[in-house]
Each structure stands twice: as structure tokens, then as C-alpha cells.
Amino acid sequence: MVQSIAITNSPFNWEGTDSSGKKVKGKSMASSEAAVRAELRRRGVIASKIRKQNKLFQKMGKVRPGDIAIFSRQLATMLTAGIPLVQCFDIIGKGHDNPAMQKLIMAVKADVEGGTNLADALARHPLYFDELFVNLVSAGEQAGALEGLLDKIATYKEKTEAIKKKVKKALFYPAAIMVVALLVTTILLIFVIPEFENLFQGFGADLPSFTRSVINLSVFVRSDGWWVAILIFGSVSGYLYMLKRSKKIRIIQDKITLKIPVIGPIMEKSCIARFARTLSTMFSAGVPLVEGLDSVAGACGNIVYEIAVMEIKDEVATGSRLQMCMENTGLFPNMVIQMIAVGEESGSLDEMSAKVADFYEDDVDNAVDSLSSLLEPMIMTILGVLVGGLVVAMYLPIFKMGAVI
């Protein structure tokens with residue numbers, strides 16, 4: 001039901017007068033103009049003008065996870081300073097440079113002004129505020145400790161976003177370099193090699209086999225390269241399409257990812273860090289362990305770990321200890337299991353989980369830096385072989401002519 005609201009609601013700009021006759025204006029998220037009028041009547045506002053926000057404007061900008069992390073920290077800081085909730089939304093929303101984020105904040109503000117509690121207002125936007133976020137806010141509202149819980153959420157979001165960026169850096173850097181190498185090679189084959197081919201036609205002598213192979217490759221790329229590009233693009237698009245809709249393909253991909261040399265260990269450490277960080281945040285907020293494991297599973301970032309955590313949840317629900325359940329999965333190192341065991345026995349599971357998260361976040365950071373240092377000479381070698389090989393192939397006939405003369 002929550003999801004349908006997020007899909008059907010649209011932003012509306014409105015103007016009107018409040019109960020004191022003062023002119024007011026604002027933005028609301030609703031399914032129709034009638035719904036906006038009804039909402040404004042409940043707030044004591046008589047609407048004089050309501051118009052749906054321009055679709056072009058709606059598409060401007062994009063709400064990024066980093067925006068949500070910053071929003072969480074700003075909201076926690078302002079509430080701790082004693083600023084009223086609605087005023088916090090006004091300050092944060094009007095000061096934001098991203099129109100999409102501004103629209104989201106003002107939509108939540110409108111719901112809160114209409115009498116909706118903060119957790120329910122956030123739950124109406126599941127694309128941006130996940131179940132974990134909403135559950136923690138709800139726990140904070142019920143316990144009367146919203147400022148403290150928002151501070152925990154902000155810390156959690158900042159930590160998880162930081163580790164996501166590190167993992168993306170580990171994957172993006174080599175991929176970007178290989179794409180550049182492919183583009184440079186393609187440009188040489190399409191535009192440079194043909195010039196040498198025309199030059200060699202006047203030699204009247206047999207070309208070296210290496211040179212002939214490169215020229216043949218150039219001819220193939222110019223004549224049939226488009227079909228190859230279309231085939232590759234179609235295959236990648238089809239794979240990504242199926243990946244979003246097939247759980248089996250996701251499982252296969254994530255299993256393979258964890259086994260890739262160098263990259264696999266980084267992904268594994270990232271999953272453990274996010275598992276521990278989420279577990280610590282949920283448990284410190286007073287969320288029951290079985291209930292919190294649902295959010296922990298979704299936060300791992302790898303479906304192999306997600307399935308394992310759901311199995312852990314089922315075992316914990318029957319009375320098993322978390323330590324034993326984690327050991328049964330075979331996915332967690334002994335150090336992690338022992339620290340969780342100590343946390344269970346001492347009643348400090350949140351603190352021990354936080355220590356595990358800190359350790360593995362630092363480990364991921366160091367691993368990514370080491371990977372970058374390792375890849376730089378390797379990538380330069382690959383680029384040198386590709387480009388240098390093409391250059392040597394083109395100059396071999398010229399060298400041979402010079403030797404004959």
C-alpha cells in the first residue's frame with residue numbers, strides 16, 4: 001500500500017490564505033488536485049491556486065544516497081539544537097541545491113504539517129527512505145528520543161555510503177581504464193591503420209604477417225564492427241534486464257563476484273562491514289534482533305549474504321544463538337563470529353558489532369588503496385602492449401625497407 005502511494009502521488013504547487021487571512025504558498029504531494037484541496041482544508045488553508053508541477057522540473061536532478069545521508073545529519077543536528085521539526089524541513093529544503101531533494105523534503109514537510117508522524121511521512125517515499133530508516137525513526141518517536149536515533153541513522157548512512165564509494169572506486173578504476181584502452185585501440189584501427197594500409201599498397205612487397213593481421217583486423221572493424229558493437233550492447237542490455245528480474249542470475253553473479261581474485265575479498269569485507277554496522281545500529285536503537293535482521297539482510301549489498309542472513313533470522317527465531325547461526329553459514333570469518341559471541345555473552349552486541357564494522361571498514365579502505373597501487377602498473381602495461389603493438393605492426397614494413405636499402 002505504501003509503495004502505491006509513492007508511485008501515484010505527484011507534486012503540486014499551491015497558493016491560498018490561512019485561518020488568519022495571511023497569504024501562504026507551498027508544495028504538496030498528492031494523487032490529485034482534489035486531494036491537495038482536502039489536505040489544505042484540514043490545515044485551515046483556503047486554496048486559491050493549485051497547479052501540478054511541471055514534468056520537466058520534476059526530472060531535474062536526482063536524489064542520491066549521499067543526499068539522504070547529509071539530510072539525516074542536518075536533521076539530527078537541528079533537532080538536537082531545539083529547532084522544531086517543521087522548521088527544520090523548511091531550513092534544509094530551502095537551502096538545498098538539488099531540486100529533486102528539495103521537492104522530497106518539502107513533500108515530507110507537507111505530510112508532517114498535515115498531522116502525519118515523521119516515520120509514516122518518510123515511509124511514503126520508499127525509494128529514498130528504506131525500511132531500516134523508517135523503523136529507526138519510528139522507534140525514536142515512540143521512545144521520545146528522536147534526536148538520538150536520527151544521530152545514529154546519520155552515522156550509519158555516512159558509514160555505509162563511505163564504504164559503498166570505496167567499493168565503487170575499486171571496481172570503477174580498472175573498468176574505466178580498460179574502456180579507454182578499447183576506445184583508443186578502436187580509433188587507431190578505424191582512422192590510423194587505413195592510412196598506413198594505403199601507404200603499404202605502393203610498396204609492391206609482401207607485408208610481415210603481424211602487420212597483415214593488424215590490417216585485416218582494421219578491415220573487419222570498419223566493415224563489421226557495428227554488428228559486433230550492436231551484439232555486445234544488446235547482450236549487456238539483455239543481461240542487465242534479466243539481472244533486475246531474475247533472482248537466480250543475481251545469485252550466480254554475486255557468487256562469482258565473491259570468488260574473483262583481489263576484488264572478491266574486498267566485496268566480502270564490504271558485506272561483513274555493512275552487516276555489522278546495520279546490526280549495531282538496529283540493536284542499539286532497541287529493535288528486537290529477529291526483527292532487525294530483516295533490515296540487516298537488505299543492507300548487506302550481496303544476495304549471497306542476504307540469503308544467509310535470512311537463514312540466520314529463521315534460526316534465531318527458533319532460539320538459536322546468533323554466533324552459532326553465523327558459523328553455520330560458512331560466510332563469516334572466525335574473528336567476527338568470536339566477537340559477536342563475546343557481545344552476546346556480555347550484553348554488548350551493539351558495541352562489538354560496531355567494532356567489527358570499524359575494523360572491516362578500515363580493512364576495505366586499505367584494500368582499495370592497495371588495489372589501486374597494484375593496478376596502475378598493470379594497466380599501463382596493458383595500454384603499452386595494445387597501443388605499442390599497433391605502432392610496431394605499422395612500422396615493421398618501414399624498418400624492413402630500411403634494412404634492405
# chains A, B, ... in the order shown; residues from 1 in each chain; ligands from 1
>>> residues_around(residues="Met394 in chain A", least_positions_apart="4", cutoff="7 Å", atoms="only C-alpha atoms", output="PyMOL selection string")
chain A and resi 196+211+390
>>> residues_around(residues="Leu217 in chain A", least_positions_apart="2", cutoff="12 Å", atoms="only C-alpha atoms", output="list in words")
Thr185, Thr186, Leu188, Leu189, Ile190, Ile193, Pro194, Glu197, Phe210, Thr211, Arg212, Ser213, Val214, Ile215, Val219, Phe220, Val221, Arg222, Ser223, Asp224, Gly225, Leu390 and Ala393 of chain A
>>> write_last_selection(atoms="C-alpha atoms", output="compact mmCIF listing (two decimals), in the first residue's frame")
# COMPACT_ATOMS: atom_id res chain seq x y z
CA THR A 185 42.52 0.88 -29.97
CA THR A 186 39.27 1.24 -31.93
CA LEU A 188 43.60 3.58 -34.23
CA LEU A 189 42.06 0.67 -36.13
CA ILE A 190 39.41 2.82 -37.84
CA ILE A 193 45.69 1.93 -39.70
CA PRO A 194 43.89 2.59 -43.04
CA GLU A 197 47.40 0.43 -45.45
CA PHE A 210 51.96 -9.32 -37.88
CA THR A 211 51.28 -6.21 -39.98
CA ARG A 212 48.90 -8.11 -42.25
CA SER A 213 46.98 -9.40 -39.22
CA VAL A 214 46.53 -5.88 -37.83
CA ILE A 215 45.38 -4.59 -41.23
CA VAL A 219 39.25 -4.02 -42.21
CA PHE A 220 36.99 -6.23 -40.07
CA VAL A 221 36.34 -3.44 -37.54
CA ARG A 222 35.47 -0.96 -40.32
CA SER A 223 33.19 -3.34 -42.20
CA ASP A 224 31.55 -5.46 -39.46
CA GLY A 225 32.44 -3.58 -36.28
CA LEU A 390 49.73 -1.48 -33.23
CA ALA A 393 52.95 -3.56 -36.61
>>> residues_around(residues="range 144-153 of chain A", least_positions_apart="5", cutoff="6 Å", atoms="only C-alpha atoms", output="ChimeraX atom specification")
/A:76,79-80
>>> closest_residue(among="A:Asn328, A:Asn302, A:Ser19, A:Ser353", to="Leu40 in chain A", atoms="only C-alpha atoms")
A:Ser19
>>> residues_around(residues="Lys159 in chain A", least_positions_apart="3", cutoff="12 Å", atoms="only C-alpha atoms", output="ChimeraX atom specification")
/A:65-66,69-70,73,152-156,162-166,270,273-278,281,354,357-358,360-362,365
>>> write_last_selection(atoms="C-alpha atoms", output="CSV table (one decimal), in the first residue's frame")
chain,number,residue,atom,x,y,z
A,65,PRO,CA,22.0,8.2,-1.3
A,66,GLY,CA,24.6,10.8,-0.3
A,69,ALA,CA,22.9,10.9,4.5
A,70,ILE,CA,23.5,14.6,4.6
A,73,ARG,CA,22.9,14.6,9.7
A,152,LYS,CA,22.5,7.1,14.9
A,153,ILE,CA,20.9,7.0,11.4
A,154,ALA,CA,23.1,9.8,10.2
A,155,THR,CA,26.2,8.0,11.4
A,156,TYR,CA,25.0,4.7,9.8
A,162,ALA,CA,31.6,5.8,2.6
A,163,ILE,CA,32.2,2.0,2.2
A,164,LYS,CA,30.0,2.0,-1.0
A,165,LYS,CA,32.2,4.6,-2.5
A,166,LYS,CA,35.3,2.7,-1.7
A,270,SER,CA,32.4,-4.8,2.5
A,273,ALA,CA,31.2,-4.3,7.4
A,274,ARG,CA,27.7,-3.4,6.3
A,275,PHE,CA,26.2,-6.4,8.1
A,276,ALA,CA,28.0,-5.4,11.3
A,277,ARG,CA,27.2,-1.7,11.0
A,278,THR,CA,23.5,-2.3,10.4
A,281,THR,CA,22.6,0.4,14.6
A,354,ALA,CA,30.4,-1.6,15.8
A,357,ALA,CA,32.3,-2.7,11.4
A,358,ASP,CA,35.1,-0.3,12.2
A,360,TYR,CA,36.3,-4.1,8.3
A,361,GLU,CA,35.6,-0.6,7.0
A,362,ASP,CA,39.3,0.3,7.6
A,365,ASP,CA,39.8,1.2,2.7
>>> closest_residue(among="A:Ile68, A:Ile92, A:Phe191, A:Val184", to="Lys157 in chain A", atoms="only C-alpha atoms")
A:Ile68
>>> residues_around(residues="Glu15 in chain A", least_positions_apart="5", cutoff="7 Å", atoms="only C-alpha atoms", output="PyMOL selection string")
chain A and resi 24-26+47-50
>>> residues_around(residues="Leu349 in chain A", least_positions_apart="3", cutoff="10 Å", atoms="only C-alpha atoms", output="PyMOL selection string")
chain A and resi 276+279-280+283-284+339-346+352-355
>>> closest_residue(among="A:Met310, A:Leu374, A:Ala285, A:Met178", to="Ser138 in chain A", atoms="only C-alpha atoms")
A:Ala285
>>> residues_around(residues="Asp369 in chain A", least_positions_apart="3", cutoff="12 Å", atoms="only C-alpha atoms", output="VMD selection string")
chain A and resid 166 to 167 169 to 170 173 262 266 362 to 366 372 to 376
>>> write_last_selection(atoms="N, CA and C atoms", output="short mmCIF file (atom, residue, chain, number, x, y, z; two decimals), in the first residue's frame")
data_model
loop_
_atom_site.label_atom_id
_atom_site.label_comp_id
_atom_site.auth_asym_id
_atom_site.auth_seq_id
_atom_site.Cartn_x
_atom_site.Cartn_y
_atom_site.Cartn_z
N LYS A 166 34.04 3.35 -1.58
CA LYS A 166 35.32 2.65 -1.66
C LYS A 166 35.22 1.45 -2.60
N VAL A 167 34.12 0.71 -2.48
CA VAL A 167 33.94 -0.47 -3.34
C VAL A 167 33.77 -0.05 -4.79
N LYS A 169 34.97 2.58 -6.13
CA LYS A 169 36.29 3.02 -6.59
C LYS A 169 37.13 1.82 -7.02
N ALA A 170 37.04 0.74 -6.25
CA ALA A 170 37.80 -0.47 -6.58
C ALA A 170 37.36 -1.07 -7.90
N TYR A 173 37.76 2.02 -11.28
CA TYR A 173 39.06 2.42 -11.80
C TYR A 173 39.58 1.50 -12.90
N VAL A 262 41.37 -10.76 -5.75
CA VAL A 262 41.56 -9.36 -5.33
C VAL A 262 40.21 -8.66 -5.10
N ILE A 266 37.58 -7.94 -1.29
CA ILE A 266 37.09 -6.59 -0.97
C ILE A 266 35.57 -6.59 -0.84
N ASP A 362 37.89 -0.12 7.79
CA ASP A 362 39.30 0.27 7.61
C ASP A 362 40.01 -0.71 6.69
N ASP A 363 39.67 -1.99 6.83
CA ASP A 363 40.30 -3.02 6.00
C ASP A 363 39.95 -2.83 4.53
N VAL A 364 38.68 -2.50 4.27
CA VAL A 364 38.26 -2.23 2.89
C VAL A 364 39.00 -1.02 2.33
N ASP A 365 39.11 0.01 3.14
CA ASP A 365 39.82 1.23 2.72
C ASP A 365 41.26 0.91 2.33
N ASN A 366 41.95 0.15 3.16
CA ASN A 366 43.34 -0.22 2.87
C ASN A 366 43.43 -1.12 1.64
N SER A 372 44.52 -0.14 -6.01
CA SER A 372 44.84 0.95 -6.95
C SER A 372 46.33 0.98 -7.26
N SER A 373 47.16 0.80 -6.22
CA SER A 373 48.62 0.80 -6.41
C SER A 373 49.06 -0.39 -7.26
N LEU A 374 48.38 -1.53 -7.07
CA LEU A 374 48.72 -2.73 -7.82
C LEU A 374 48.30 -2.63 -9.28
N LEU A 375 47.14 -2.00 -9.51
CA LEU A 375 46.58 -1.97 -10.86
C LEU A 375 47.27 -0.95 -11.77
N GLU A 376 47.77 0.13 -11.20
CA GLU A 376 48.35 1.19 -12.02
C GLU A 376 49.45 0.68 -12.97
#
>>> closest_residue(among="A:Ser237, A:Thr116, A:Gln142, A:Ser218", to="Ile187 in chain A", atoms="only C-alpha atoms")
A:Ser218
>>> closest_residue(among="A:Glu306, A:Lys23, A:Phe399, A:Gly140", to="Lys247 in chain A", atoms="only C-alpha atoms")
A:Glu306
>>> atom_distance(atom1="CA of Ser370 in chain A", atom2="CA of Leu386 in chain A")
24.9 Å
>>> atom_distance(atom1="CA of Ala35 in chain A", atom2="CA of Leu118 in chain A")
19.9 Å
